[in-house]
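The data block below is input_3.csv; it holds CSV, C-alpha atoms.
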chain,number,residue,atom,x,y,z
A,223,MET,CA,44.4,-8.9,58.9
A,224,ASN,CA,41.0,-7.9,57.5
A,225,TYR,CA,42.4,-4.7,56.0
A,226,ILE,CA,45.5,-6.5,54.6
A,227,PHE,CA,43.3,-9.1,53.0
A,228,TYR,CA,41.0,-6.5,51.5
A,229,PHE,CA,43.9,-4.3,50.4
A,230,LEU,CA,45.8,-7.1,48.6
A,231,ILE,CA,42.8,-8.3,46.6
A,232,ILE,CA,41.3,-4.9,45.7
A,233,VAL,CA,44.7,-3.5,44.7
A,234,SER,CA,45.4,-6.6,42.6
A,235,ILE,CA,42.1,-6.2,40.7
A,236,ILE,CA,42.5,-2.4,40.1
A,237,ALA,CA,46.2,-2.7,39.1
A,238,GLY,CA,45.4,-5.7,37.0
A,239,ALA,CA,42.7,-3.8,35.2
A,240,ALA,CA,45.0,-0.8,34.7
A,241,ASN,CA,47.7,-3.0,33.3
A,242,GLY,CA,45.4,-5.0,31.1
A,243,LYS,CA,46.3,-8.1,33.1
A,244,LEU,CA,42.8,-8.8,34.6
A,245,ASP,CA,42.7,-12.2,33.1
A,246,GLU,CA,46.0,-13.1,34.7
A,247,VAL,CA,44.8,-11.9,38.1
A,248,ILE,CA,41.7,-14.1,37.7
A,249,ASN,CA,43.9,-17.0,36.9
A,250,GLY,CA,46.0,-16.1,39.9
A,251,ILE,CA,43.0,-17.1,42.1
A,252,LEU,CA,43.0,-20.6,40.7
A,253,SER,CA,46.7,-21.1,40.8
A,254,GLY,CA,47.0,-19.6,44.2
A,255,ALA,CA,44.2,-21.9,45.6
A,256,GLU,CA,45.9,-24.9,44.0
A,257,LEU,CA,49.3,-24.0,45.4
A,258,SER,CA,47.9,-23.6,48.9
A,259,VAL,CA,46.6,-27.1,49.0
A,260,LYS,CA,49.7,-28.4,47.4
A,261,VAL,CA,51.8,-26.7,50.1
A,262,ALA,CA,49.5,-28.0,52.9
A,263,PHE,CA,49.6,-31.5,51.5
A,264,SER,CA,53.3,-31.5,50.9
A,265,LEU,CA,53.6,-30.6,54.6
A,266,ILE,CA,51.7,-33.6,55.9
A,267,GLY,CA,54.5,-36.1,55.6
A,268,ILE,CA,57.3,-34.0,56.8
A,269,MET,CA,55.1,-32.5,59.5
A,270,ALA,CA,54.3,-36.0,60.8
A,271,PHE,CA,58.0,-37.0,60.7
A,272,TRP,CA,59.2,-34.0,62.7
A,273,LEU,CA,56.4,-34.1,65.2
A,274,GLY,CA,57.2,-37.7,65.8
A,275,MET,CA,60.9,-37.0,66.3
A,276,MET,CA,60.1,-34.0,68.6
A,277,LYS,CA,58.0,-36.3,70.7
A,278,ILE,CA,61.0,-38.6,71.2
A,279,ALA,CA,63.2,-35.6,71.9
A,280,GLU,CA,60.7,-34.5,74.5
A,281,LYS,CA,60.3,-37.9,76.2
A,282,CYS,CA,64.1,-38.4,76.6
A,283,GLY,CA,64.7,-35.0,78.1
A,284,LEU,CA,66.5,-33.5,75.2
A,285,VAL,CA,64.0,-30.6,74.8
A,286,GLU,CA,64.2,-29.8,78.5
A,287,PHE,CA,68.0,-29.8,78.3
A,288,ILE,CA,68.0,-27.3,75.4
A,289,SER,CA,65.5,-25.1,77.0
A,290,LYS,CA,67.6,-25.0,80.2
A,291,ILE,CA,70.6,-23.8,78.2
A,292,ILE,CA,68.8,-20.9,76.7
A,293,LYS,CA,66.7,-20.1,79.8
A,294,PRO,CA,68.5,-16.7,80.5
A,295,ILE,CA,67.3,-15.5,77.0
A,296,THR,CA,63.8,-16.9,77.0
A,297,ARG,CA,63.2,-15.6,80.5
A,298,ILE,CA,63.6,-12.0,79.1
A,299,LEU,CA,61.8,-12.6,75.8
A,300,PHE,CA,58.9,-14.7,77.0
A,301,ASN,CA,58.4,-13.3,80.5
A,302,GLU,CA,54.7,-14.1,80.4
A,303,ILE,CA,55.2,-17.8,79.9
A,304,PRO,CA,56.0,-20.0,83.0
A,305,GLU,CA,59.6,-21.2,82.9
A,306,ASN,CA,58.7,-24.9,83.1
A,307,SER,CA,56.2,-24.7,80.2
A,308,PRO,CA,56.9,-27.0,77.3
A,309,ALA,CA,56.4,-24.0,75.1
A,310,ILE,CA,59.9,-22.8,76.0
A,311,GLY,CA,61.5,-26.0,74.9
A,312,ASP,CA,59.6,-26.0,71.6
A,313,ILE,CA,60.6,-22.4,70.9
A,314,ALA,CA,64.2,-23.3,71.6
A,315,MET,CA,64.0,-26.3,69.2
A,316,SER,CA,62.2,-24.3,66.5
A,317,PHE,CA,64.8,-21.6,66.7
A,318,SER,CA,67.7,-24.1,66.5
A,319,ALA,CA,66.1,-25.8,63.5
A,320,ASN,CA,65.7,-22.4,61.7
A,321,ALA,CA,69.3,-21.4,62.5
A,322,LEU,CA,70.6,-24.7,61.1
A,323,GLY,CA,68.6,-24.2,58.0
A,324,LEU,CA,66.3,-27.2,58.6
A,325,THR,CA,63.3,-25.3,57.2
A,326,ASN,CA,61.3,-28.6,56.9
A,327,ALA,CA,61.7,-29.2,60.6
A,328,ALA,CA,61.3,-25.6,61.7
A,329,THR,CA,57.7,-25.2,60.6
A,330,PRO,CA,56.2,-28.3,62.3
A,331,ILE,CA,58.2,-27.5,65.5
A,332,GLY,CA,57.2,-23.9,65.3
A,333,ILE,CA,53.5,-24.8,65.0
A,334,LYS,CA,53.9,-27.0,68.0
A,335,ALA,CA,55.3,-24.1,69.9
A,336,MET,CA,52.4,-22.0,68.9
A,337,GLU,CA,50.0,-24.6,70.2
A,338,GLU,CA,51.8,-24.6,73.6
A,339,LEU,CA,51.7,-20.8,73.6
A,340,GLN,CA,48.0,-20.8,72.8
A,341,GLN,CA,47.4,-22.7,76.1
A,342,HIS,CA,48.8,-19.8,78.0
A,343,ASN,CA,46.8,-17.3,75.9
A,344,LYS,CA,43.7,-15.7,77.5
A,345,ASP,CA,42.0,-14.6,74.3
A,346,LYS,CA,42.1,-17.6,72.0
A,347,LYS,CA,41.3,-15.5,68.9
A,348,SER,CA,43.9,-12.8,69.5
A,349,ALA,CA,47.7,-13.1,69.4
A,350,SER,CA,49.4,-13.0,72.8
A,351,ASN,CA,52.6,-11.0,73.4
A,352,ALA,CA,54.6,-14.2,73.6
A,353,MET,CA,53.2,-15.3,70.2
A,354,CYS,CA,54.1,-12.0,68.6
A,355,MET,CA,57.6,-12.2,70.0
A,356,PHE,CA,57.9,-15.8,68.6
A,357,LEU,CA,56.6,-14.7,65.2
A,358,ALA,CA,59.0,-11.7,65.2
A,359,MET,CA,61.9,-14.1,65.7
A,360,ASN,CA,60.6,-16.3,62.9
A,361,THR,CA,59.8,-13.7,60.3
A,362,ALA,CA,63.2,-12.2,60.7
A,363,GLY,CA,64.5,-15.5,59.3
A,364,PHE,CA,67.7,-16.0,61.4
A,365,GLN,CA,69.9,-18.6,59.6
A,366,LEU,CA,73.5,-19.5,60.0
A,367,ILE,CA,74.2,-20.7,56.5
A,368,PRO,CA,71.9,-19.7,53.5
A,369,ALA,CA,72.3,-23.1,51.8
A,370,THR,CA,69.8,-22.6,48.9
A,371,VAL,CA,71.3,-19.3,47.9
A,372,ILE,CA,74.8,-20.7,48.0
A,373,ALA,CA,73.7,-23.6,45.8
A,374,VAL,CA,72.5,-21.1,43.1
A,375,LEU,CA,75.8,-19.2,43.3
A,376,VAL,CA,77.8,-22.4,42.9
A,377,GLY,CA,75.6,-23.2,39.9
A,378,ILE,CA,76.6,-20.0,38.1
A,379,GLY,CA,80.3,-20.4,38.9
A,380,TYR,CA,80.4,-17.6,41.5
A,381,LYS,CA,84.1,-17.2,42.4
A,382,ASN,CA,83.7,-17.6,46.2
A,383,PRO,CA,80.1,-18.6,47.1
A,384,THR,CA,80.8,-18.9,50.8
A,385,SER,CA,81.9,-15.2,50.9
A,386,ILE,CA,78.3,-14.2,51.2
A,387,ILE,CA,77.9,-16.2,54.5
A,388,ALA,CA,79.4,-13.4,56.7
A,389,PRO,CA,77.4,-10.5,55.2
A,390,THR,CA,74.2,-12.5,55.2
A,391,LEU,CA,74.7,-13.5,58.8
A,392,LEU,CA,75.4,-9.9,59.8
A,393,VAL,CA,72.2,-8.7,58.0
A,394,THR,CA,70.0,-11.5,59.4
A,395,THR,CA,71.3,-10.8,62.9
A,396,ILE,CA,70.5,-7.1,62.5
A,397,ALA,CA,67.0,-7.9,61.3
A,398,PHE,CA,66.5,-10.5,64.0
A,399,VAL,CA,67.6,-8.2,66.9
A,400,SER,CA,65.5,-5.3,65.5
A,401,ALA,CA,62.5,-7.6,65.3
A,402,ILE,CA,62.9,-8.6,68.9
A,403,ILE,CA,63.3,-5.0,70.1
A,404,LEU,CA,60.4,-3.9,68.0
A,405,ALA,CA,58.2,-6.6,69.4
A,406,LYS,CA,59.2,-5.6,72.9
A,407,ILE,CA,58.3,-1.9,72.2
A,408,PHE,CA,55.0,-2.7,70.5
A,409,GLN,CA,54.0,-5.0,73.3
A,410,LYS,CA,54.1,-2.0,75.7
A,411,ILE,CA,52.2,0.4,73.4
A,412,TRP,CA,49.8,-2.0,71.6
A,413,LYS,CA,47.7,-3.5,74.4
A,414,PRO,CA,45.2,-6.1,73.4
A,415,GLN,CA,42.2,-4.5,75.1
A,416,GLU,CA,42.7,-1.0,73.7
A,417,ASN,CA,43.3,-2.3,70.2
A,418,GLY,CA,39.7,-3.3,69.6
A,419,GLY,CA,40.1,-3.9,65.9
A,420,ASP,CA,42.7,-6.2,64.4
A,421,GLU,CA,45.8,-6.1,62.4
B,165,MET,CA,88.9,-25.9,52.1
B,166,PHE,CA,86.4,-23.6,53.8
B,167,HIS,CA,83.9,-24.5,51.1
B,168,SER,CA,84.2,-28.2,51.6
B,169,VAL,CA,83.9,-27.9,55.4
B,170,MET,CA,80.7,-25.9,54.8
B,171,ASN,CA,79.4,-28.7,52.5
B,172,ILE,CA,80.2,-31.3,55.1
B,173,ILE,CA,78.4,-29.3,57.8
B,174,SER,CA,75.3,-28.8,55.8
B,175,LEU,CA,75.2,-32.4,54.7
B,176,TRP,CA,75.7,-33.8,58.3
B,177,THR,CA,73.5,-31.4,60.4
B,178,LEU,CA,70.3,-33.4,59.9
B,179,PRO,CA,71.8,-36.9,60.3
B,180,VAL,CA,73.6,-35.9,63.5
B,181,ILE,CA,70.4,-34.5,65.0
B,182,LEU,CA,68.5,-37.7,64.1
B,183,ILE,CA,71.3,-39.8,65.6
B,184,ILE,CA,71.3,-37.7,68.8
B,185,ILE,CA,67.5,-37.9,69.3
B,186,LEU,CA,67.2,-41.6,68.6
B,187,THR,CA,70.2,-42.6,70.6
B,188,MET,CA,69.2,-40.5,73.6
B,189,GLY,CA,65.7,-42.0,73.3
B,190,LEU,CA,67.1,-45.6,73.5
B,191,ILE,CA,69.4,-44.7,76.4
B,192,LYS,CA,66.5,-43.3,78.3
B,193,ARG,CA,64.5,-46.4,77.5
B,194,VAL,CA,61.9,-44.5,75.6
B,195,PRO,CA,59.8,-46.8,73.3
B,196,ILE,CA,60.9,-44.7,70.3
B,197,TYR,CA,58.8,-46.3,67.6
B,198,GLU,CA,55.6,-46.0,69.5
B,199,VAL,CA,56.4,-42.4,70.7
B,200,PHE,CA,57.3,-41.5,67.1
B,201,THR,CA,54.1,-42.7,65.6
B,202,ASP,CA,52.1,-41.2,68.4
B,203,GLY,CA,53.6,-37.8,67.7
B,204,ALA,CA,53.4,-38.1,64.0
B,205,LYS,CA,49.6,-38.5,64.2
B,206,GLU,CA,49.2,-34.8,64.7
B,207,GLY,CA,50.9,-34.1,61.3
B,208,PHE,CA,47.8,-34.6,59.2
B,209,LYS,CA,45.5,-32.6,61.4
B,210,VAL,CA,47.8,-29.6,61.6
B,211,SER,CA,48.4,-29.6,57.8
B,212,VAL,CA,44.7,-29.6,57.0
B,213,ASN,CA,43.9,-27.0,59.7
B,214,ILE,CA,46.2,-24.4,58.0
B,215,ILE,CA,44.6,-24.8,54.5
B,216,PRO,CA,42.0,-22.0,54.9
B,217,TYR,CA,44.7,-19.6,56.1
B,218,LEU,CA,47.1,-20.6,53.4
B,219,VAL,CA,44.4,-20.2,50.7
B,220,ALA,CA,43.6,-16.7,52.0
B,221,ILE,CA,47.2,-15.5,51.9
B,222,ILE,CA,48.5,-17.4,48.9
B,223,VAL,CA,45.6,-16.5,46.6
B,224,ALA,CA,45.8,-12.8,47.6
B,225,ILE,CA,49.6,-12.7,46.9
B,226,SER,CA,49.2,-14.7,43.7
B,227,MET,CA,46.7,-12.2,42.5
B,228,LEU,CA,48.9,-9.3,43.5
B,229,ARG,CA,51.9,-10.8,41.6
B,230,ALA,CA,49.8,-11.4,38.5
B,231,SER,CA,48.5,-7.8,38.5
B,232,GLY,CA,51.9,-6.3,37.6
B,233,ILE,CA,51.9,-3.8,40.4
B,234,ILE,CA,55.2,-5.1,41.8
B,235,GLU,CA,57.0,-4.2,38.5
B,236,PHE,CA,55.1,-0.9,38.5
B,237,ILE,CA,56.3,0.0,42.1
B,238,GLY,CA,59.8,-1.2,41.2
B,239,GLY,CA,59.8,1.1,38.1
B,240,ILE,CA,58.8,4.1,40.2
B,241,CYS,CA,61.4,3.4,42.9
B,242,ALA,CA,64.2,2.5,40.6
B,243,PRO,CA,65.6,6.1,40.0
B,244,LEU,CA,65.6,6.7,43.8
B,245,PHE,CA,67.3,3.4,44.4
B,246,LEU,CA,70.0,4.1,41.9
B,247,LYS,CA,71.1,7.0,44.0
B,248,PHE,CA,71.9,4.4,46.8
B,249,ASN,CA,73.8,2.2,44.4
B,250,ILE,CA,71.0,-0.4,44.2
B,251,PRO,CA,70.8,-2.0,40.8
B,252,VAL,CA,67.3,-1.9,39.1
B,253,ASP,CA,67.2,-5.7,38.8
B,254,VAL,CA,67.2,-6.1,42.6
B,255,THR,CA,64.1,-3.9,43.3
B,256,PRO,CA,61.6,-6.8,42.7
B,257,ILE,CA,63.4,-8.9,45.2
B,258,MET,CA,63.0,-6.2,47.9
B,259,ILE,CA,59.3,-6.1,47.3
B,260,VAL,CA,58.7,-9.8,46.8
B,261,ARG,CA,60.8,-11.4,49.5
B,262,SER,CA,58.3,-10.8,52.4
B,263,LEU,CA,55.5,-12.1,50.2
B,264,SER,CA,56.7,-15.2,48.5
B,265,GLY,CA,59.9,-17.2,49.2
B,266,SER,CA,59.7,-19.2,45.9
B,267,ALA,CA,59.2,-16.0,43.9
B,268,ALA,CA,62.2,-14.3,45.6
B,269,LEU,CA,64.4,-17.3,44.9
B,270,GLY,CA,63.1,-17.4,41.3
B,271,ILE,CA,64.0,-13.8,40.7
B,272,PHE,CA,67.4,-14.3,42.4
B,273,SER,CA,68.1,-17.3,40.1
B,274,ASP,CA,67.1,-15.2,37.1
B,275,ILE,CA,69.5,-12.3,38.1
B,276,ALA,CA,72.3,-14.8,38.9
B,277,HIS,CA,72.0,-16.5,35.5
B,278,SER,CA,71.4,-13.5,33.4
B,279,LEU,CA,73.9,-11.0,35.0
B,280,GLY,CA,76.4,-13.6,36.0
B,281,ALA,CA,78.8,-14.2,38.8
B,282,GLU,CA,80.8,-10.9,38.5
B,283,ASN,CA,77.8,-8.6,38.8
B,284,TYR,CA,77.2,-6.7,42.0
B,285,ALA,CA,73.4,-7.2,41.6
B,286,THR,CA,74.0,-11.0,42.0
B,287,THR,CA,75.8,-10.5,45.3
B,288,LEU,CA,73.3,-8.0,46.7
B,289,SER,CA,70.3,-10.1,45.8
B,290,ALA,CA,72.0,-13.3,47.2
B,291,VAL,CA,72.5,-11.5,50.6
B,292,MET,CA,68.9,-10.2,50.5
B,293,VAL,CA,67.3,-13.5,49.7
B,294,GLY,CA,69.6,-15.5,52.1
B,295,SER,CA,68.9,-13.2,55.0
B,296,SER,CA,65.1,-13.2,54.7
B,297,GLU,CA,62.1,-15.3,55.6
B,298,THR,CA,58.8,-15.1,53.9
B,299,THR,CA,57.0,-13.0,56.6
B,300,PHE,CA,53.4,-13.3,55.3
B,301,TYR,CA,53.7,-17.1,54.8
B,302,VAL,CA,55.1,-17.6,58.3
B,303,LEU,CA,52.4,-15.4,59.8
B,304,ALA,CA,49.6,-17.2,58.0
B,305,VAL,CA,50.9,-20.7,58.8
B,306,TYR,CA,51.8,-20.2,62.5
B,307,PHE,CA,48.7,-18.2,63.4
B,308,GLY,CA,46.5,-20.3,61.2
B,309,ALA,CA,47.6,-23.5,62.9
B,310,VAL,CA,46.2,-22.3,66.2
B,311,GLY,CA,43.2,-20.4,64.7
B,312,ILE,CA,44.2,-16.9,65.6
B,313,SER,CA,42.8,-14.1,63.4
B,314,LYS,CA,43.7,-11.0,65.4
B,315,LEU,CA,47.5,-10.7,64.8
B,316,ARG,CA,47.8,-7.4,66.6
B,317,TYR,CA,51.3,-5.9,66.0
B,318,ALA,CA,52.9,-9.0,64.5
B,319,VAL,CA,52.4,-7.9,60.9
B,320,LEU,CA,53.9,-4.5,61.6
B,321,VAL,CA,56.9,-5.9,63.4
B,322,GLY,CA,57.5,-8.4,60.6
B,323,ILE,CA,57.3,-5.7,57.9
B,324,LEU,CA,59.5,-3.2,59.8
B,325,ALA,CA,62.1,-5.9,60.5
B,326,ASP,CA,62.1,-6.8,56.7
B,327,ILE,CA,62.7,-3.1,55.8
B,328,ILE,CA,65.5,-2.9,58.3
B,329,GLY,CA,66.9,-6.1,56.8
B,330,ILE,CA,66.8,-4.6,53.3
B,331,ILE,CA,68.6,-1.4,54.5
B,332,ALA,CA,71.2,-3.5,56.3
B,333,ALA,CA,71.8,-5.7,53.3
B,334,ILE,CA,72.4,-2.6,51.1
B,335,THR,CA,74.7,-1.0,53.6
B,336,VAL,CA,76.7,-4.2,54.3
B,337,CYS,CA,77.0,-5.1,50.6
B,338,ASN,CA,78.0,-1.6,49.6
B,339,ALA,CA,80.7,-1.6,52.3
B,340,MET,CA,82.0,-5.1,51.4
B,341,PHE,CA,81.5,-5.5,47.7
B,342,GLY,CA,80.4,-2.1,46.3

How does the structure come out when it is put into structure tokens?
Amino acid sequence: MNYIFYFLIIVSIIAGAANGKLDEVINGILSGAELSVKVAFSLIGIMAFWLGMMKIAEKCGLVEFISKIIKPITRILFNEIPENSPAIGDIAMSFSANALGLTNAATPIGIKAMEELQQHNKDKKSASNAMCMFLAMNTAGFQLIPATVIAVLVGIGYKNPTSIIAPTLLVTTIAFVSAIILAKIFQKIWKPQENGGDE
Amino acid sequence: MFHSVMNIISLWTLPVILIIILTMGLIKRVPIYEVFTDGAKEGFKVSVNIIPYLVAIIVAISMLRASGIIEFIGGICAPLFLKFNIPVDVTPIMIVRSLSGSAALGIFSDIAHSLGAENYATTLSAVMVGSSETTFYVLAVYFGAVGISKLRYAVLVGILADIIGIIAAITVCNAMFG
């Protein structure tokens, strides 16, 4: 992450200077910082709501029920996490929320899953294999119905907006499965001890 | 018909989930109000905890977008992409979609409104935006929330999966709509 952070900022400054847009790049710092706080603050309410709902779902056994259903899959993907860990239930719930397009719910629940995974993590500063797998699943953005995109298409009078559901689902599934396979491969070759630096 | 069924599904997903959670809670005699507020307490803490990580990534990306380099790379790649039947207008989306969800959606909106419903670029960019998640935002928020700064191979996997997704989108759209 150190290199990425360095690279993004230095490249922006050099490219901005070359394009004569240095002033815009400088303004970008301010607008970016403002936006970050706006994003974080807009999360507070919805985060509280879904964390509250999740707690009820946990207490009444719903989370446990869902994690039992997907156990065969999670056992393979998250073999380092004990089967009865609450992390498995949270991962299952977060994945369901993502798939259903409930982005607002997916983030709080996903963070909760990360906190559970952190409890099983030996090195608290470094990502565990299970975390990388969970992130791989999330960054691939598996979603059954791309509601926002369809809304835009409806807005411009696209002849059959729902016709993009099938190709989108196919593409997102390909990306999702590749992400999982890649995470499994990298987990074998990119051991935490040998890594030393960070990424 | 199919369209209206879809609308009903997307409208009712959330309410049905809430009904299930709350009803199950009452049946199992969970004090739902107390448990809800107890769980919700965490919301503020978590949101504030991720601010430093959000600032780092959002500021860096905001600077990058302002620098004009994305258009520059798009311009270089455009002749190559044309060979694969990828419209020039779609190139910025391919670069931006891993960095900023709102930017990708904005560009998609622009393409949709300016090129119209009949254009292939509209369809391709719809599939690209619909099938992606903002990789860098997700990485920053999720790892930031638990204070992890060594991401190991997570970034690489995210980017590779995004590239595979882009190639898949182009291939599928070419086959279905091209």

>> I'd like to know which of B:Phe245, B:Phe341, B:Tyr317, B:Tyr284 is closest to chain A, using only C-alpha atoms.
In response: B:Tyr317

Determine, using all atoms listed in the file, which residues of region 311-400 of chain A have any atom at most 10 Å from an atom of region 266-270 of chain B, and tabulate each with its shortest atom pair and distance in Å to one decimal place, rows ordered by chain and then rising number, as a tab-separated table.
residue	atom	partner	partner_atom	distance
A:Thr370	CA	B:Leu269	CA	8.6
A:Val371	CA	B:Leu269	CA	7.8
A:Val374	CA	B:Leu269	CA	9.1

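If you measure from each of B:Gly239, B:Gly342, B:Gly322, B:Pro256 to chain A using only C-alpha atoms, the closest one turns out to be B:Gly322.
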
> Could you list as a ChimeraX atom specification every residue that has an atom within 8 Å of (53.7, -27.6, 63.0), using the file's coordinates and counting all atoms listed in the file?
Replying inline: /A:269,273,328-335 /B:207,210-211,306,309

>> If we count all atoms listed in the file and set the cut-off at 10 Å, which residues sit around Val321 (chain B), ignoring sequence neighbours fewer than 6 positions away in its own chain? Please answer as a ChimeraX atom specification.
In response: /A:354-355,357-359,361-362,400-408 /B:299,327

> Excluding same-chain residues fewer than 5 positions from Ser231 (chain B), what lies within 6 Å of it counting only C-alpha atoms, as a PyMOL selection string?
Replying inline: chain A and resi 234+237-238+243+247

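With distances restricted to all atoms listed in the file, B:Leu228 is the closest residue to chain A from B:Ile184, B:Ile240, B:Leu228, B:Ile275.
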
>> I'd like to know which of A:Ala321, A:Leu257, A:Ile396, A:Ala349 is closest to Ser313 (chain B), using only C-alpha atoms.
In response: A:Ala349

> Which is closest to chain A among B:Val169, B:Ala276, B:Ile259, B:Ala304, if we use only C-alpha atoms?
Replying inline: B:Ala276

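With distances taken over all atoms listed in the file, A:Ala270 is the one residue among A:Leu391, A:Met353, A:Leu339, A:Ala270 lying closest to chain B.
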
> So which residues fall inside 9 Å of (72.5, -24.4, 59.0) if we count only C-alpha atoms? Mind giving them as a PyMOL selection string?
Replying inline: (chain A and resi 318-324+365-369) or (chain B and resi 173-174+177)

>> Please list as number ranges by chain every residue within 10 Å of Ile271 (chain B), counting all atoms listed in the file and excluding residues in the same chain fewer than 5 positions away.
In response: B: 253-254, 256-257, 260-261, 266, 276-277, 289, 293

Pick out the residues sitting within 12 Å of Trp272 (chain A), and hand them over as an mmCIF file with C-alpha atoms, keeping the file's coordinate frame; count only C-alpha atoms, and ignore anything fewer than 3 positions along from it in its own chain.
data_model
loop_
_atom_site.group_PDB
_atom_site.id
_atom_site.type_symbol
_atom_site.label_atom_id
_atom_site.label_comp_id
_atom_site.auth_asym_id
_atom_site.auth_seq_id
_atom_site.Cartn_x
_atom_site.Cartn_y
_atom_site.Cartn_z
ATOM 1 C CA LEU A 265 53.600 -30.600 54.600
ATOM 2 C CA ILE A 266 51.700 -33.600 55.900
ATOM 3 C CA GLY A 267 54.500 -36.100 55.600
ATOM 4 C CA ILE A 268 57.300 -34.000 56.800
ATOM 5 C CA MET A 269 55.100 -32.500 59.500
ATOM 6 C CA MET A 275 60.900 -37.000 66.300
ATOM 7 C CA MET A 276 60.100 -34.000 68.600
ATOM 8 C CA LYS A 277 58.000 -36.300 70.700
ATOM 9 C CA ILE A 278 61.000 -38.600 71.200
ATOM 10 C CA ALA A 279 63.200 -35.600 71.900
ATOM 11 C CA GLU A 280 60.700 -34.500 74.500
ATOM 12 C CA ASP A 312 59.600 -26.000 71.600
ATOM 13 C CA MET A 315 64.000 -26.300 69.200
ATOM 14 C CA SER A 316 62.200 -24.300 66.500
ATOM 15 C CA ALA A 319 66.100 -25.800 63.500
ATOM 16 C CA LEU A 324 66.300 -27.200 58.600
ATOM 17 C CA THR A 325 63.300 -25.300 57.200
ATOM 18 C CA ASN A 326 61.300 -28.600 56.900
ATOM 19 C CA ALA A 327 61.700 -29.200 60.600
ATOM 20 C CA ALA A 328 61.300 -25.600 61.700
ATOM 21 C CA THR A 329 57.700 -25.200 60.600
ATOM 22 C CA PRO A 330 56.200 -28.300 62.300
ATOM 23 C CA ILE A 331 58.200 -27.500 65.500
ATOM 24 C CA GLY A 332 57.200 -23.900 65.300
ATOM 25 C CA ILE A 333 53.500 -24.800 65.000
ATOM 26 C CA LYS A 334 53.900 -27.000 68.000
ATOM 27 C CA LEU B 178 70.300 -33.400 59.900
ATOM 28 C CA ILE B 181 70.400 -34.500 65.000
ATOM 29 C CA LEU B 182 68.500 -37.700 64.100
ATOM 30 C CA ILE B 185 67.500 -37.900 69.300
ATOM 31 C CA VAL B 199 56.400 -42.400 70.700
ATOM 32 C CA PHE B 200 57.300 -41.500 67.100
ATOM 33 C CA THR B 201 54.100 -42.700 65.600
ATOM 34 C CA ASP B 202 52.100 -41.200 68.400
ATOM 35 C CA GLY B 203 53.600 -37.800 67.700
ATOM 36 C CA ALA B 204 53.400 -38.100 64.000
ATOM 37 C CA LYS B 205 49.600 -38.500 64.200
ATOM 38 C CA GLU B 206 49.200 -34.800 64.700
ATOM 39 C CA GLY B 207 50.900 -34.100 61.300
ATOM 40 C CA PHE B 208 47.800 -34.600 59.200
#
